[in-house]
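Engineer: After the structure tokens below, expect a handful of questions from me.
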Amino acid sequence: MRILLAVDASPDSKQAAHIVAHLSEPADLHILNVVDPDALKQAYLPPDLTEPYVEAYRQEVSLVAERVLHEMRDALTPYAREIRLIADTGDPAESIVETAEESEAELVILGQRGMTATPTLLLGGVSQKVALYAPCSVLVVKQPTPALERILLAVDGSEASNKAAQFLAKFPFKAPVRVTVVTVCPPHGSEPLPSGAGASDPSLGPEKVQARGEDFLAGIAETFQGGPYEVDTGWLQGDPAPIILEEAGRRAAQVIVLGARGLKGIKRFLLGSVSQKVLVHAPCSVLIVR
């Protein structure tokens with residue numbers, strides 16, 4: 001699998017890098033560090049500094065960025081077939097998305113909060129922007145994962161969620177991992193789920209709706225037959241995003257996996273998709289599959 005790992009000097013970035021060790025097969029790994037010199041200058045340097053001082057600061061930042069890249073390469077060499085280091089300058093989110101396109105990455109991994117190459121400047125919102133606009137799947141790592149044991153896969157019968165199940169089965173993590181597959185039937189009168197996922201059909205009674213949902217989950221579970229995972233299922237009711245978050249907490253999930261709806265441009269911001277709500281509010285890591 002081709003992976004783009006976006007790194008910096010932050011603790012979240014180191015947590016993101018560690019997730020590579022949980023993949024069942026070595027990856028073709030691109031490790032990217034992005035420095036935004038203008039943001040650094042505005043955050044740290046008084047406006048009356050002379051250009052030589054500014055240039056010396058930029059050089060120091062570049063040295064830290066280079067050190068971070070080489071430290072990551074050394075730490076991840078046992079888990080990769082090939083590693084390429086990439087240093088860039090500019091807007092971090094834009095650079096990550098563009099590099100993912102150029103490298104034909106299948107997965108981007110990054111921490112929830114990033115920093116520039118210095119250990120104190122937060123870049124809030126980078127992970128959300130990357131999750132919105134990346135051309136491939138995105139894993140936002142939010143917590144340390146010394147051992148990956150519990151994954152929650154949320155499906156709804158859509159093409160996007162089917163891709164999420166297939167992605168997880170095709171690019172598995174190391175065993176043993178328990179995967180809980182859940183679907184959420186919205187309350188009566190809200191937008192129905194796609195056919196086959198236990199949709200809210202007024203002509204069906206609650207028992208038949210649940211039976212159809214459980215049959216759908218059983219079909220998804222078959223995707224993982226013969227694989228490394230232990231699989232169980234759960235049919236739930238309510239508003240999808242809060243219910244998924246509640247179930248993830250109840251099961252102490254370390255990663256939530258969902259499909260992206262494939263919306264483009266400004267619609268991604270306006271519609272507030274389930275995957276985006278889960279990404280923002282989940283206490284654990286979130287993998288959004290495209």
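To be explicit about the labels: the chains of the structure tokens are called A, B, and onward in the order shown, and within each one the residues are counted from 1, while ligands get numbers from 1 in the order they are shown.
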Just list as a PyMOL selection string whatever in segment 97-242 of chain A DSSP marks as helix (DSSP H, G or I).
Structural biologist: chain A and resi 97-103+126-133+159-170+206-222+240-242
Engineer: Please extract the residues of segment 61-198 of chain A with a backbone DSSP assignment of strand (DSSP E) and present them as a PyMOL selection string.
Structural biologist: chain A and resi 80-89+107-111+137-141+150-154+177-185
Engineer: Can you spit out the residues from that selection as a PDB file, in the first residue's frame, using C-alpha atoms?
Structural biologist:
ATOM      1  CA  ALA A  80       8.280  -0.144   5.150  1.00  0.00           C
ATOM      2  CA  ARG A  81       9.379  -1.623   1.839  1.00  0.00           C
ATOM      3  CA  GLU A  82      10.560   1.751   0.655  1.00  0.00           C
ATOM      4  CA  ILE A  83      10.736   5.205   2.216  1.00  0.00           C
ATOM      5  CA  ARG A  84      10.922   8.548   0.448  1.00  0.00           C
ATOM      6  CA  LEU A  85      11.446  11.768   2.402  1.00  0.00           C
ATOM      7  CA  ILE A  86       9.750  14.971   1.208  1.00  0.00           C
ATOM      8  CA  ALA A  87      10.339  18.470   2.590  1.00  0.00           C
ATOM      9  CA  ASP A  88       8.018  21.248   1.486  1.00  0.00           C
ATOM     10  CA  THR A  89       7.077  24.818   2.391  1.00  0.00           C
ATOM     11  CA  LEU A 107      -3.871   6.419   2.427  1.00  0.00           C
ATOM     12  CA  VAL A 108      -2.820   9.623   4.193  1.00  0.00           C
ATOM     13  CA  ILE A 109      -1.917   9.345   7.877  1.00  0.00           C
ATOM     14  CA  LEU A 110      -1.539  12.404  10.096  1.00  0.00           C
ATOM     15  CA  GLY A 111      -2.055  13.516  13.661  1.00  0.00           C
ATOM     16  CA  SER A 137      -8.497   7.617   2.349  1.00  0.00           C
ATOM     17  CA  VAL A 138      -7.367   9.560   5.421  1.00  0.00           C
ATOM     18  CA  LEU A 139      -6.497   8.263   8.893  1.00  0.00           C
ATOM     19  CA  VAL A 140      -6.436  10.969  11.573  1.00  0.00           C
ATOM     20  CA  VAL A 141      -4.658   9.630  14.653  1.00  0.00           C
ATOM     21  CA  ARG A 150     -10.546  -2.691  18.707  1.00  0.00           C
ATOM     22  CA  ILE A 151     -11.992  -1.134  15.535  1.00  0.00           C
ATOM     23  CA  LEU A 152     -15.537   0.127  14.978  1.00  0.00           C
ATOM     24  CA  LEU A 153     -16.693   0.000  11.334  1.00  0.00           C
ATOM     25  CA  ALA A 154     -19.853   2.034  10.645  1.00  0.00           C
ATOM     26  CA  VAL A 177      -8.028  -7.157  16.143  1.00  0.00           C
ATOM     27  CA  ARG A 178     -11.740  -7.205  16.929  1.00  0.00           C
ATOM     28  CA  VAL A 179     -13.837  -5.373  14.332  1.00  0.00           C
ATOM     29  CA  THR A 180     -17.336  -4.376  15.381  1.00  0.00           C
ATOM     30  CA  VAL A 181     -19.553  -3.645  12.362  1.00  0.00           C
ATOM     31  CA  VAL A 182     -22.491  -1.369  13.153  1.00  0.00           C
ATOM     32  CA  THR A 183     -25.291   0.245  11.198  1.00  0.00           C
ATOM     33  CA  VAL A 184     -27.560   2.984  12.514  1.00  0.00           C
ATOM     34  CA  CYS A 185     -31.191   3.167  11.496  1.00  0.00           C
TER      35      CYS A 185
END
Engineer: Fewer than 2 positions away in the same chain doesn't count, so skip those; otherwise give me all residues within 12 Å of Pro242 of chain A, counting only C-alpha atoms, as a list in words.
Structural biologist: Val184, Pro186, Leu236, Gln237, Gly238, Asp239, Pro240, Ile244, Leu245, Glu246, Glu247, Ala248, Gly249, Val274, Ser275, Gln276, Lys277, Val278, Leu279, Val280, His281 and Ala282 of chain A
Engineer: Keeping only N, CA and C atoms, write those residues as a PDB file, in the first residue's frame.
Structural biologist:
ATOM      1  N   VAL A 184     -26.649   2.179  11.711  1.00  0.00           N
ATOM      2  CA  VAL A 184     -27.560   2.984  12.514  1.00  0.00           C
ATOM      3  C   VAL A 184     -28.795   3.301  11.688  1.00  0.00           C
ATOM      4  N   PRO A 186     -31.842   5.525  11.187  1.00  0.00           N
ATOM      5  CA  PRO A 186     -32.295   6.828  11.685  1.00  0.00           C
ATOM      6  C   PRO A 186     -33.710   6.760  12.246  1.00  0.00           C
ATOM      7  N   LEU A 236     -28.219  -0.498  15.427  1.00  0.00           N
ATOM      8  CA  LEU A 236     -28.504   0.594  16.346  1.00  0.00           C
ATOM      9  C   LEU A 236     -29.548   1.526  15.739  1.00  0.00           C
ATOM     10  N   GLN A 237     -30.175   2.347  16.581  1.00  0.00           N
ATOM     11  CA  GLN A 237     -31.151   3.318  16.120  1.00  0.00           C
ATOM     12  C   GLN A 237     -30.858   4.686  16.702  1.00  0.00           C
ATOM     13  N   GLY A 238     -31.124   5.732  15.893  1.00  0.00           N
ATOM     14  CA  GLY A 238     -30.941   7.089  16.364  1.00  0.00           C
ATOM     15  C   GLY A 238     -30.279   7.960  15.318  1.00  0.00           C
ATOM     16  N   ASP A 239     -29.811   9.114  15.743  1.00  0.00           N
ATOM     17  CA  ASP A 239     -29.081  10.023  14.880  1.00  0.00           C
ATOM     18  C   ASP A 239     -27.688   9.432  14.654  1.00  0.00           C
ATOM     19  N   PRO A 240     -27.307   9.141  13.398  1.00  0.00           N
ATOM     20  CA  PRO A 240     -26.110   8.325  13.149  1.00  0.00           C
ATOM     21  C   PRO A 240     -24.830   8.802  13.832  1.00  0.00           C
ATOM     22  N   ILE A 244     -22.944   6.597  16.658  1.00  0.00           N
ATOM     23  CA  ILE A 244     -21.644   5.989  16.341  1.00  0.00           C
ATOM     24  C   ILE A 244     -20.622   6.368  17.408  1.00  0.00           C
ATOM     25  N   LEU A 245     -20.614   7.631  17.802  1.00  0.00           N
ATOM     26  CA  LEU A 245     -19.671   8.083  18.830  1.00  0.00           C
ATOM     27  C   LEU A 245     -19.952   7.401  20.165  1.00  0.00           C
ATOM     28  N   GLU A 246     -21.225   7.283  20.503  1.00  0.00           N
ATOM     29  CA  GLU A 246     -21.589   6.626  21.762  1.00  0.00           C
ATOM     30  C   GLU A 246     -21.171   5.164  21.759  1.00  0.00           C
ATOM     31  N   GLU A 247     -21.406   4.478  20.635  1.00  0.00           N
ATOM     32  CA  GLU A 247     -21.044   3.063  20.547  1.00  0.00           C
ATOM     33  C   GLU A 247     -19.531   2.881  20.573  1.00  0.00           C
ATOM     34  N   ALA A 248     -18.808   3.788  19.925  1.00  0.00           N
ATOM     35  CA  ALA A 248     -17.349   3.716  19.951  1.00  0.00           C
ATOM     36  C   ALA A 248     -16.831   3.854  21.377  1.00  0.00           C
ATOM     37  N   GLY A 249     -17.432   4.751  22.135  1.00  0.00           N
ATOM     38  CA  GLY A 249     -17.032   4.911  23.526  1.00  0.00           C
ATOM     39  C   GLY A 249     -17.377   3.690  24.358  1.00  0.00           C
ATOM     40  N   VAL A 274     -21.868  12.803   8.202  1.00  0.00           N
ATOM     41  CA  VAL A 274     -21.648  11.960   9.381  1.00  0.00           C
ATOM     42  C   VAL A 274     -20.158  11.770   9.620  1.00  0.00           C
ATOM     43  N   SER A 275     -19.407  11.502   8.546  1.00  0.00           N
ATOM     44  CA  SER A 275     -17.976  11.251   8.725  1.00  0.00           C
ATOM     45  C   SER A 275     -17.265  12.471   9.297  1.00  0.00           C
ATOM     46  N   GLN A 276     -17.644  13.669   8.861  1.00  0.00           N
ATOM     47  CA  GLN A 276     -17.006  14.869   9.385  1.00  0.00           C
ATOM     48  C   GLN A 276     -17.375  15.113  10.844  1.00  0.00           C
ATOM     49  N   LYS A 277     -18.624  14.873  11.191  1.00  0.00           N
ATOM     50  CA  LYS A 277     -19.035  15.037  12.589  1.00  0.00           C
ATOM     51  C   LYS A 277     -18.283  14.053  13.483  1.00  0.00           C
ATOM     52  N   VAL A 278     -18.153  12.822  13.020  1.00  0.00           N
ATOM     53  CA  VAL A 278     -17.429  11.826  13.806  1.00  0.00           C
ATOM     54  C   VAL A 278     -15.965  12.216  13.923  1.00  0.00           C
ATOM     55  N   LEU A 279     -15.380  12.689  12.819  1.00  0.00           N
ATOM     56  CA  LEU A 279     -13.971  13.087  12.845  1.00  0.00           C
ATOM     57  C   LEU A 279     -13.722  14.186  13.877  1.00  0.00           C
ATOM     58  N   VAL A 280     -14.596  15.166  13.923  1.00  0.00           N
ATOM     59  CA  VAL A 280     -14.401  16.299  14.824  1.00  0.00           C
ATOM     60  C   VAL A 280     -14.580  15.892  16.285  1.00  0.00           C
ATOM     61  N   HIS A 281     -15.561  15.038  16.573  1.00  0.00           N
ATOM     62  CA  HIS A 281     -15.943  14.791  17.958  1.00  0.00           C
ATOM     63  C   HIS A 281     -15.428  13.474  18.546  1.00  0.00           C
ATOM     64  N   ALA A 282     -14.916  12.579  17.731  1.00  0.00           N
ATOM     65  CA  ALA A 282     -14.463  11.289  18.264  1.00  0.00           C
ATOM     66  C   ALA A 282     -13.235  11.462  19.149  1.00  0.00           C
TER      67      ALA A 282
END
Engineer: From the options A:Val61, A:Cys284, A:Leu69, A:Cys136, which residue's atoms come nearest to Phe167 of chain A, counting only C-alpha atoms?
Structural biologist: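 When distances to Phe167 of chain A are compared using only C-alpha atoms, the smallest one comes from A:Cys136.
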Engineer: So that I can check the surroundings of Ser273 of chain A, please list as a ChimeraX atom specification every protein, DNA and RNA residue that reaches within 9 Å of it, counting only C-alpha atoms and ignoring chain neighbours fewer than 6 positions away.
Structural biologist: /A:241,260-261
